[in-house]
Every structure is written in C-alpha cells, then in structure tokens.
Amino acid sequence: MLSSPIEFLKGVGPLRGDLLKKELQLFTFKDLLDHFPIRHIDKTMVMTIGSIQSNQDYIQVAGIIQSVQLIGQNRAKRLVAELKDATGSMDLVWFQGISWIQKNIQVGQAFLVYGKAGYFNGSLQITHPEMETYTPAKAGGKAFLEPIYPSTEKLKAKSLGGRQLGRLSFSLLEALKERDLPENLPSAILKEYQFPSRFEAYQQIHFPTSETAYQKALARLKFEELFIAQLRLALIKLERHRYSKGVVFKQVGEQFNTFYHKHLPFQLTGAQKRVLKEIRQDMGQGRQMNRLLQGDVGSGKTMVALLSMLLAVDNGFQASLMAPTEILATQHYHSISQLLKDMPVKIALLTGSVKTAARRKILSELAAGELDLLIGTHAVLEDPVQFKQLGLAIIDEQHRFGVAQRARLWKKATIPPHVLVMTATPIPRTLAMTAYGDLDYSVIDELPPGRQPITTVHRYDYARANVMDFIREEIQKGRQAYCIFPLIEESEKLDLENLMRGYENVKAFFPEPKYWISMVHGKMQPALKEANMQRFVQNDTQIMVATTVIEVGVNVPNASVMIIESAEKFGLSQLHQLRGRVGRGSEKSFCILLTGTQLTNEARERLKIMCATNDGFLIAEKDLELRGPGDIEGTRQSGLLNFKLADLVRDKQWLDAAKYQTGKLLDIDPDLALQENNALKIYLQSQKGKLAWSKIS
Ligand code: ADP
Ligand code: MG
C-alpha cells in the first residue's frame with residue numbers, strides 16, 4: 001500500500017501526480033506520508049465574537065450574515081458583510097473576488113469563519129476570511145488541527161498549495177490501516193518515553209487532536225529517525241568487526257623501536273600515546289581497522305601516522321599516506337624523509353606532477369615491494385598504482401576525500417588494508433558519532449607542551465596601516481607572516497584579481513628588497529606553487545600571500561602572524577583551520593581578522609567566537625549551532641545527516657537518548673535475535689539497499 005505510486009491516490013491522478021513528483025519528489029504514498037506539515041492552524045475552537053480581545057491573532061467564529069454591502073470606489077472598493085452571533089457582531093471584508101463572494105453569501109446564512117482578526121476604524125474585522133457553511137448541529141470546530149505543508153508556486157497554481165495538500169494526506173491517512181505502519185520500536189522503549197505507536201504518531205503528526213498530541217507524535221518520530229540511523233551505523237560497525245578479515249600486525253619491531261628510542265625528536269603527548277595504543281590494538285587483532293582520528297590543528301597527528309606506518313613496515317607490509325593537496329603531500333614527504341633519514345626505510349612521493357620516468361620507477365618498486373612508504377595525493381588511488389602488500393592506508397585531512405574514494409583503497413590489496421582517516425576539522429563529538437558511527441573513533445585532545453595560545457583580534461579595514469606596523473615589528477623580530485585572501489567560488493577571475501590587488505597592497509607596505517613576499521594560489525602551476533612555498537619555508541620570504549590553499553596542514557613554525565582579509569566571508573571551521581597555520585612554534589602568535597564595517601549579526605558572532613577561544617571543538621559546536629549540520633565539512637556528502645524531522649542541534653536530547661538506547665540494545669542483543677526486537681529487525685530488513693543484511697540473518 002505505502003509503496004503505491006502517488007498518482008493512484010484518490011484525488012491525485014496522472015497530471016497532479018507528475019507535478020508532485022517534480023516539485024516535491026513525492027513518488028509514493030509513503031513519500032506523502034513523510035511530507036510533514038510545517039505548522040498547523042487551530043480551528044478546534046469557535047470563539048464568541050464578544051470575547052475577542054484586540055491582541056488575538058487568528059480566530060474562528062460562527063454566526064449569521066446580517067448584511068452584504070459593496071462600498072467605496074476604485075481601489076478602495078470592497079465588499080463588507082456583517083456577521084453576528086449571540087454575543088456581538090463584526091465585519092468580513094473582501095477586496096478581491098467580490099462578484100464570486102456576492103453570489104455565494106446570502107443574508108441569513110450561517111457561516112463558520114476563520115481568519116486574522118484586525119481592527120478598522122475601531123471595529124473588529126477579518127479581511128478575506130475562510131468561510132464554510134455552518135450547521136449549528138455539527139457543534140463547534142474541527143476535531144483536529146489543520147496541517148499546512150511545504151508546497152511550491154507551481155503546485156499552488158494546480159490547487160495543491162500548503163493547505164490543499166492536506167486533503168491528500170487526509171485521504172491517505174483515512175485509507176491507512178494499522179498493519180500498513182507496523183510498530184518498529186521495541187515496546188520497552190515506547191514505554192520508557194511514553195511514545196505513541198507508530199501508526200498513531202503518523203496520524204497525530206498530520207492531524208493532531210491537540211498541541212500536546214502533536215508534540216508527542218513529533219518526539220516519537222524524531223527519536224525513531226535518530227535511533228534507526230544510529231542503529232544502522234552501529235550494525236555496520238559490528239558487522240565489520242565480526243566479519244572483515246584484516247591483516248595482523250603482530251609485533252612491534254625493529255623499525256618502530258629504533259625510531260621511537262633513537263630518532264623521535266620529542267616526547268609524545270599523553271594523547272598521542274593513547275591513540276597510538278588504540279591503533280596498535282586495532283591492527284593487531286586480525287580484523288580490519290577503520291578508524292577516524294580527530295585532532296585539532298597542531299595536535300601532532302603526523303607523528304601518530306608515521307609511527308603507525310612503521311608498525312606496518314615492521315610486520316612486512318607497505319603503508320601509504322595521502323594528503324588532499326600537492327603542497328601538503330610534498331611537505332609530509334620532506335618532513336617524514338627527514339625524520340627517517342638514518343633509517344633503512346624506503347619512501348617515495350607520488351603526485352600528479354611526478355614525471356613519467358620517475359613515476360614508472362616508483363610504480364615498479366612499489367609492485368616489487370622495494371618501497372616501504374608511499375606518500376602522495378589522489379594519484380595514489382589511480383589504478384596503475386599497485387602495491388605488493390599494502391597493510392595500512394592513512395588519509396590526512398579527511399574532509400576532502402569522499403567515501404567512494406576511501407572505498408577505492410580496498411581494491412589495492414587482497415585483504416583490505418587498515419584505514420586511518422585523520423581530520424583536523426573538529427567535528428562535535430555528537431555529530432561525529434552520528435556521521436561516522438560506522439568508524440571507530442580516536443581523538444587527540446591535548447596539544448604538545450609549550451604552545452602558547454594564539455591571540456586573535458578583530459580589526460576594521462580602516463586600521464590596516466596599524467596592522468601593517470604591527471606585522472613589521474614582528475618581522476623585525478625575525479618572524480614570518482601569512483596574509484590570507486578569501487575565495488568566493490562564483491568567479492575564479494575575480495578571486496584572482498582580488499588576490500593580485502591584495503598582493504600589490506601588501507607589497508606597498510613591504511617593499512623589496514627589504515622584504516620579500518611569496519604568493520600561492522589554486523590556479524598556479526604546482527611547480528611554481530611548490531617553489532614559492534619552499535621560499536617561505538626556508539625563510540627567504542617573510543610574507544606569504546595566499547588563498548585558502550594554505551588551509552590544511554602546512555607547517556611553518558616560524559610564521560607567527562596571520563592576517564585574514566575579509567574574514568567575515570569565512571565560516572568558523574575554516575577560520576579555525578587557517579589560524580592553525582600559526583602558533584606552531586614556541587613564539588607567541590597572532591591572528592588578525594580584518595573586515596569592513598558592514599557586518600551581519602552572524603558574522604559578528606563568528607568573529608567574536610574566534611577572538612574568544614582557540615578550542616577547535618568548542619568552535620565546531622558553535623559552528624553547528626550557527627549553521628546547522630548540513631554545512632559542516634565532511635558531513636555534507638555523507639547523506640547520513642539528512643533527517644526529515646530531527647535536528648541535531650535542537651534535538652540533542654533525542655540524539656542522546658537514541659544513542660543510549662542503541663548501545664543498550666546491541667549490548668544485549670547484537671543480532672536482533674530476541675523476540676522483542678523482531679519488529680525492529682523486520683523493519684531494518686525492509687529498508688532495502690541501506691545495509692547488507694545478508695550476513696546478519
Ligand atoms: P597536525 O595534527 O595539525 O597535523 P602536526 O602533526 O603537523 O599537527 O604537528 C604540529 C607540530 O607539532 C609539528 O611541528 C610537530 O613536529 C610538532 N609536534 C607533534 N607532536 C609533538 C610532541 N609530542 N611534542 C612536541 N612537538 C610535537
Ligand atoms: Mg596535519
């Protein structure tokens with residue numbers, strides 16, 4: 001029944017059916033059922049005219065028409081009818097459709113009238129009211145609140161506006177039997193939260209008998225949405241844990257130990273050690289690791305990656321580290337080569353700009369097992385890249401890699417390699433568990449010692465000269481500075497012009513040959529980009545003018561000042577990412593957010609948060625509040641957060657409840673084998689294509 005095509009619903013037909021599909025993506029009865037009202041109007045009460053207060057908004061009254069008059073001229077022409085009940089009278093006014101109304105409203109007729117109450121010349125009136133003939137025997141108002149649905153202009157033109165859609169959902173719900181919407185939640189949960197049944201909830205969310213009934217239905221359906229999503233991910237994870245064979249890294253061997261004891265340039269932080277241990281345990285068990293590692297900018301994820309890769313090498317496997325940009329891959333390659341320079345570990349860099357001959361050599365050494373570590377960009381994923389024995393694949397700065405790309409790694413080995421996904425885009429914990437519930441999760445929540453917090457300030461454009469003076473002082477102390485310009489995706493040309501103007505401007509303040517400036521942007525040839533980058537890394541240039549290509553991972557500890565131009569154009573996460581390029585050395589670092597004076601409240605709020613805290617997770621929480629989960633980097637493509645009713649920020653209580661119940665349920669009954677979870681199991685099985693259920697039967 002619920003999978004029937006929408007055109008078969010009473011009152012739809014092929015024409016309107018097509019329109020509903022095109023305009024609202026409503027293909028089946030179920031789609032219509034899940035097309036929830038945006039609000040309801042309350043026509044359950046009929047007020048007496050005498051009791052209406054001047055502050056009342058929408059009202060419903062019932063009475064008898066006393067007179068109908070056409071008054072006024074031209075634009076002021078209007079039809080006025082007087083409606084009277086036992087307690088008083090009021091005016092009903094029409095400016096449009098007058099002749100039609102005149103035909104349909106007769107003196108002496110009784111009407112139920114609904115509309116927005118207003119006053120004109122001191123007397124109560126409703127303009128363009130909704131009218132229904134009224135039989136006093138029918139008693140009072142409607143038995144339920146009337147739903148208003150999201151609709152479109154085109155639908156409205158075909159009499160399928162927000163209210164008219166209610167007729168369709170009404171006839172659908174009327175035809176629906178309890179067995180069409182069987183319960184899917186275990187009864188213990190229903191009882192615990194006093195939820196209505198699924199059938200009842202659907203009735204009540206569309207046509208609630210009261211506001212309270214609506215709220216209960218809404219809560220139940222939100223919970224259901226979150227609970228099913230959590231459960232699905234948790235089951236995928238369970239299944240992977242149980243069935244996916246992974247290579248076993250049995251031992252901590254010579255390479256790891258030698259490096260750890262002889263070449264490690266610093267002590268690991270407690271958090272780094274803990275995460276490393278989690279990873280080691282994961283990779284030693286014989287099942288495939290699929291782990292998300294979150295750590296704020298500068299928390300030292302690279303070292304964790306390196307040590308994990310050495311574990312692979314110690315166990316006779318190869319490992320790869322992938323970064324989203326060429327700059328970043330190259331930088332990883334240089335710093336890791338440097339760290340491993342006295343070790344017999346063979347390492348290569350593979351990016352799009354590696355020339356054919358060199359590439360051929362890398363590929364053959366890789367296939368022969370002569371290379372231990374491969375560092376690179378997306379190029380690593382290409383088909384000709386074949387490892388002899390890939391044991392661990394690490395993806396740095398995950399948000400630029402899609403899920404599909406992650407899956408390509410599987411094909412690089414007979415037994416899928418362990419996968420470690422590292423991200424510096426702090427995702428609020430609640431969100432991470434929801435979006436990445438199928439991954440195991442580690443977090444580095446501690447920065448290396450000796451870091452000084454970055455001081456962030458907001459300055460207006462007119463104070464630019466002062467800002468430049470400040471930078472000059474810092475450069476005189478031997479530091480370096482970044483100057484970041486926004487990218488506004490609509491026009492690359494304008495972006496580039498903007499950047500060029502910015503560059504000239506900076507140059508005017510810092511003329512050659514006393515100062516040297518590097519510039520890097522996305523349209524630049526990789527070789528030139530890399531050369532400019534290197535000049536800055538070597539401290540040959542004091543200032544780096546760049547677009548956001550600099551955002552991820554770049555590490556120049558001597559750079560201690562960053563100006564972000566047009567800072568209001570950036571989102572919170574991005575500002576935080578950018579700022580993370582400074583504060584990497586032992587010197588005090590500064591971030592200056594430059595803006596014009598015209599700012600939206602939201603932009604002001606973002607700037608305020610940036611100046612107030614350096615805590616990436618806190619910023620991520622705020623970002624979530626300000627923008628909603630749909631916009632959080634990395635979750636956008638996942639599709640996992642597209643809930644119809646639930647809102648991950650506002651409904652945190654239900655999210656937590658769903659998480660708690662998922663854990664509790666799976667602890668006791670991981671196979672959903674118990675009778676009380678049977679309905680749930682049947683429901684999940686009916687959700688075809690969303691989870692491979694073949695293995696859990
Ligand atoms: P991110 O997590 O942002 O990738 P990096 O791995 O680039 O951070 O590390 C940032 C900086 O901190 C690097 O210069 C790195 O050498 C240094 N670092 C990492 N771990 C430690 C540590 N335990 N003690 C001191 N410095 C560290
Ligand atoms: Mg990094």
# chains A, B, ... in the order shown; residues from 1 in each chain; ligands from 1

call {"tool": "select_by_dssp", "arguments": {"residues": "stretch 341-504 of chain A", "states": "alpha helix (DSSP H)", "output": "VMD selection string"}}
result
chain A and resid 356 to 368 403 to 408 429 to 435 464 to 476 492 to 504

call {"tool": "residues_near_ligand", "arguments": {"ligand": "ligand 2", "cutoff": "12 Å", "atoms": "only C-alpha atoms and all ligand atoms", "output": "PyMOL selection string"}}
result
chain A and resi 293-306+321-325+327-329+331-332+335+394-398+421-425+550-556+577+580-581+584

call {"tool": "atom_distance", "arguments": {"atom1": "atom CA of A:Met610", "atom2": "atom CA of A:Pro428"}}
result
16.4 Å

call {"tool": "closest_residue", "arguments": {"among": "A:Asp383, A:Asp445, A:Asp651, A:Asp342", "to": "ligand 1", "atoms": "only C-alpha atoms and all ligand atoms"}}
result
A:Asp445

call {"tool": "closest_residue", "arguments": {"among": "A:Ile228, A:Leu390, A:Ile375, A:Met562", "to": "A:Gln685", "atoms": "only C-alpha atoms"}}
result
A:Ile228

call {"tool": "residues_around", "arguments": {"residues": "A:Gly286", "least_positions_apart": "5", "cutoff": "8 Å", "atoms": "only C-alpha atoms", "output": "PyMOL selection string"}}
result
chain A and resi 245-248

call {"tool": "residues_around", "arguments": {"residues": "A:Asn614", "least_positions_apart": "4", "cutoff": "8 Å", "atoms": "only C-alpha atoms", "output": "NGL selection string"}}
result
:A and (453-454 or 576 or 610 or 619)

call {"tool": "atom_distance", "arguments": {"atom1": "atom CA of A:Ile105", "atom2": "atom CA of A:Lys43"}}
result
21.1 Å

call {"tool": "atom_distance", "arguments": {"atom1": "atom CA of A:Phe95", "atom2": "atom CA of A:Lys142"}}
result
27.6 Å

call {"tool": "select_by_dssp", "arguments": {"residues": "stretch 368-497 of chain A", "states": "strand (DSSP E)", "output": "PyMOL selection string"}}
result
chain A and resi 373-376+390-396+418-423+440-444+455-460+480-484

call {"tool": "write_last_selection", "arguments": {"atoms": "N, CA and C atoms", "output": "compact mmCIF listing (two decimals), in the first residue's frame"}}
result
# COMPACT_ATOMS: atom_id res chain seq x y z
N LEU A 373 57.14 3.01 2.13
CA LEU A 373 56.11 4.02 2.36
C LEU A 373 55.88 4.84 1.10
N LEU A 374 54.62 5.03 0.76
CA LEU A 374 54.29 5.90 -0.37
C LEU A 374 53.46 7.06 0.15
N ILE A 375 53.98 8.25 -0.11
CA ILE A 375 53.26 9.45 0.30
C ILE A 375 52.76 10.14 -0.95
N GLY A 376 51.56 10.65 -0.95
CA GLY A 376 51.08 11.27 -2.18
C GLY A 376 49.73 11.91 -2.05
N LEU A 390 49.98 -3.88 0.58
CA LEU A 390 49.58 -2.69 1.32
C LEU A 390 48.89 -3.11 2.61
N GLY A 391 49.42 -2.64 3.72
CA GLY A 391 48.84 -3.05 5.00
C GLY A 391 48.11 -1.93 5.72
N LEU A 392 48.49 -0.68 5.41
CA LEU A 392 47.89 0.45 6.10
C LEU A 392 47.79 1.65 5.16
N ALA A 393 46.61 2.20 5.05
CA ALA A 393 46.43 3.40 4.25
C ALA A 393 45.95 4.51 5.17
N ILE A 394 46.68 5.62 5.15
CA ILE A 394 46.30 6.75 6.00
C ILE A 394 45.84 7.90 5.12
N ILE A 395 44.74 8.48 5.48
CA ILE A 395 44.22 9.62 4.73
C ILE A 395 44.26 10.83 5.65
N ASP A 396 45.02 11.84 5.24
CA ASP A 396 45.14 13.03 6.07
C ASP A 396 44.11 14.06 5.63
N HIS A 418 44.31 -1.78 6.59
CA HIS A 418 43.77 -0.95 7.66
C HIS A 418 43.67 0.47 7.15
N VAL A 419 42.65 1.16 7.59
CA VAL A 419 42.48 2.54 7.13
C VAL A 419 42.41 3.48 8.34
N LEU A 420 43.23 4.50 8.29
CA LEU A 420 43.19 5.53 9.33
C LEU A 420 42.88 6.85 8.64
N VAL A 421 41.80 7.45 9.05
CA VAL A 421 41.39 8.71 8.47
C VAL A 421 41.67 9.80 9.50
N MET A 422 42.49 10.77 9.11
CA MET A 422 42.84 11.82 10.10
C MET A 422 42.18 13.13 9.70
N THR A 423 41.58 13.77 10.64
CA THR A 423 40.99 15.06 10.30
C THR A 423 41.24 16.11 11.37
N ASP A 440 35.53 3.47 13.85
CA ASP A 440 36.00 3.61 15.22
C ASP A 440 36.58 4.99 15.34
N TYR A 441 36.75 5.43 16.55
CA TYR A 441 36.96 6.85 16.72
C TYR A 441 38.02 7.12 17.78
N SER A 442 39.04 7.88 17.42
CA SER A 442 40.05 8.29 18.40
C SER A 442 40.17 9.79 18.36
N VAL A 443 40.57 10.36 19.45
CA VAL A 443 40.74 11.81 19.43
C VAL A 443 41.98 12.22 20.21
N ILE A 444 42.77 13.10 19.59
CA ILE A 444 43.90 13.70 20.31
C ILE A 444 43.39 15.00 20.90
N THR A 455 46.79 34.67 20.06
CA THR A 455 45.93 35.81 20.36
C THR A 455 45.23 36.24 19.08
N THR A 456 43.93 36.30 19.13
CA THR A 456 43.16 36.66 17.94
C THR A 456 42.43 37.97 18.18
N VAL A 457 42.52 38.86 17.22
CA VAL A 457 41.80 40.13 17.35
C VAL A 457 41.05 40.45 16.07
N HIS A 458 40.04 41.25 16.20
CA HIS A 458 39.26 41.70 15.05
C HIS A 458 39.55 43.18 14.81
N ARG A 459 39.95 43.54 13.59
CA ARG A 459 40.22 44.94 13.26
C ARG A 459 39.47 45.32 11.98
N TYR A 460 39.09 46.59 11.90
CA TYR A 460 38.41 47.06 10.70
C TYR A 460 39.43 47.51 9.66
N GLN A 480 57.73 35.41 10.58
CA GLN A 480 57.11 35.49 9.25
C GLN A 480 55.59 35.62 9.39
N ALA A 481 54.98 36.08 8.29
CA ALA A 481 53.53 36.33 8.37
C ALA A 481 52.79 35.77 7.17
N TYR A 482 51.56 35.33 7.42
CA TYR A 482 50.66 34.95 6.34
C TYR A 482 49.65 36.06 6.13
N CYS A 483 49.26 36.22 4.87
CA CYS A 483 48.19 37.15 4.56
C CYS A 483 47.20 36.40 3.68
N ILE A 484 46.02 36.12 4.21
CA ILE A 484 45.09 35.22 3.53
C ILE A 484 43.92 35.96 2.90

call {"tool": "residues_around", "arguments": {"residues": "A:Gln66", "least_positions_apart": "4", "cutoff": "9 Å", "atoms": "only C-alpha atoms", "output": "VMD selection string"}}
result
chain A and resid 81 to 84 106 to 109

call {"tool": "closest_residue", "arguments": {"among": "A:Ala679, A:Ala567, A:Leu26, A:Val385", "to": "A:Gly596", "atoms": "only C-alpha atoms"}}
result
A:Ala567

call {"tool": "residues_around", "arguments": {"residues": "A:Val354", "least_positions_apart": "3", "cutoff": "12 Å", "atoms": "only C-alpha atoms", "output": "ChimeraX atom specification"}}
result
/A:326,330,348-351,357-363,376-377,379-380,526-527

call {"tool": "write_last_selection", "arguments": {"atoms": "N, CA and C atoms", "output": "JSON list (two decimals), in the first residue's frame"}}
result
[["chain", "number", "residue", "atom", "x", "y", "z"],
["A", 326, "GLU", "N", 48.86, 18.90, -3.21],
["A", 326, "GLU", "CA", 50.23, 18.61, -3.57],
["A", 326, "GLU", "C", 51.21, 19.24, -2.56],
["A", 330, "THR", "N", 53.75, 16.99, -0.39],
["A", 330, "THR", "CA", 55.17, 17.25, -0.52],
["A", 330, "THR", "C", 55.79, 17.56, 0.84],
["A", 348, "ALA", "N", 58.79, 7.12, -0.93],
["A", 348, "ALA", "CA", 58.68, 7.87, -2.19],
["A", 348, "ALA", "C", 57.46, 8.79, -2.16],
["A", 349, "LEU", "N", 57.52, 9.79, -3.06],
["A", 349, "LEU", "CA", 56.42, 10.75, -3.18],
["A", 349, "LEU", "C", 55.75, 10.60, -4.54],
["A", 350, "LEU", "N", 54.45, 10.42, -4.55],
["A", 350, "LEU", "CA", 53.73, 10.30, -5.82],
["A", 350, "LEU", "C", 52.61, 11.33, -5.89],
["A", 351, "THR", "N", 52.78, 12.27, -6.83],
["A", 351, "THR", "CA", 51.72, 13.27, -7.03],
["A", 351, "THR", "C", 51.48, 13.39, -8.53],
["A", 357, "ALA", "N", 58.98, 9.07, -16.22],
["A", 357, "ALA", "CA", 60.08, 8.13, -15.94],
["A", 357, "ALA", "C", 60.15, 7.84, -14.44],
["A", 358, "ALA", "N", 60.10, 8.92, -13.66],
["A", 358, "ALA", "CA", 60.18, 8.78, -12.21],
["A", 358, "ALA", "C", 58.98, 7.98, -11.70],
["A", 359, "ARG", "N", 57.83, 8.26, -12.29],
["A", 359, "ARG", "CA", 56.61, 7.57, -11.89],
["A", 359, "ARG", "C", 56.74, 6.07, -12.15],
["A", 360, "ARG", "N", 57.27, 5.76, -13.36],
["A", 360, "ARG", "CA", 57.41, 4.35, -13.72],
["A", 360, "ARG", "C", 58.28, 3.63, -12.69],
["A", 361, "LYS", "N", 59.34, 4.31, -12.30],
["A", 361, "LYS", "CA", 60.26, 3.71, -11.33],
["A", 361, "LYS", "C", 59.54, 3.47, -10.00],
["A", 362, "ILE", "N", 58.80, 4.46, -9.55],
["A", 362, "ILE", "CA", 58.07, 4.31, -8.28],
["A", 362, "ILE", "C", 57.10, 3.14, -8.36],
["A", 363, "LEU", "N", 56.35, 3.09, -9.47],
["A", 363, "LEU", "CA", 55.34, 2.04, -9.59],
["A", 363, "LEU", "C", 55.96, 0.65, -9.59],
["A", 376, "GLY", "N", 51.56, 10.65, -0.95],
["A", 376, "GLY", "CA", 51.08, 11.27, -2.18],
["A", 376, "GLY", "C", 49.73, 11.91, -2.05],
["A", 377, "THR", "N", 49.21, 12.26, -3.24],
["A", 377, "THR", "CA", 47.88, 12.86, -3.33],
["A", 377, "THR", "C", 46.91, 11.80, -3.85],
["A", 379, "ALA", "N", 46.65, 10.81, -6.56],
["A", 379, "ALA", "CA", 47.37, 10.00, -7.54],
["A", 379, "ALA", "C", 47.58, 8.58, -7.02],
["A", 380, "VAL", "N", 47.70, 8.42, -5.72],
["A", 380, "VAL", "CA", 47.92, 7.11, -5.12],
["A", 380, "VAL", "C", 46.75, 6.16, -5.39],
["A", 526, "PRO", "N", 51.72, 23.65, -10.21],
["A", 526, "PRO", "CA", 52.22, 23.01, -8.99],
["A", 526, "PRO", "C", 53.70, 23.31, -8.71],
["A", 527, "ALA", "N", 54.50, 23.33, -9.75],
["A", 527, "ALA", "CA", 55.94, 23.53, -9.53],
["A", 527, "ALA", "C", 56.20, 24.92, -8.96]]

call {"tool": "closest_residue", "arguments": {"among": "A:Ala234, A:Glu183, A:Phe120, A:Val61", "to": "A:Asp438", "atoms": "only C-alpha atoms"}}
result
A:Ala234

call {"tool": "closest_residue", "arguments": {"among": "A:Thr548, A:Gln476, A:Gln272, A:Ser187", "to": "ligand 1", "atoms": "only C-alpha atoms and all ligand atoms"}}
result
A:Gln272

call {"tool": "closest_residue", "arguments": {"among": "A:Ile563, A:Leu226, A:Leu264, A:Ala620", "to": "A:Gln653", "atoms": "only C-alpha atoms"}}
result
A:Leu226

call {"tool": "residues_around", "arguments": {"residues": "A:Leu310", "least_positions_apart": "3", "cutoff": "8 Å", "atoms": "only C-alpha atoms", "output": "VMD selection string"}}
result
chain A and resid 255 to 256 306 to 307 313 to 314
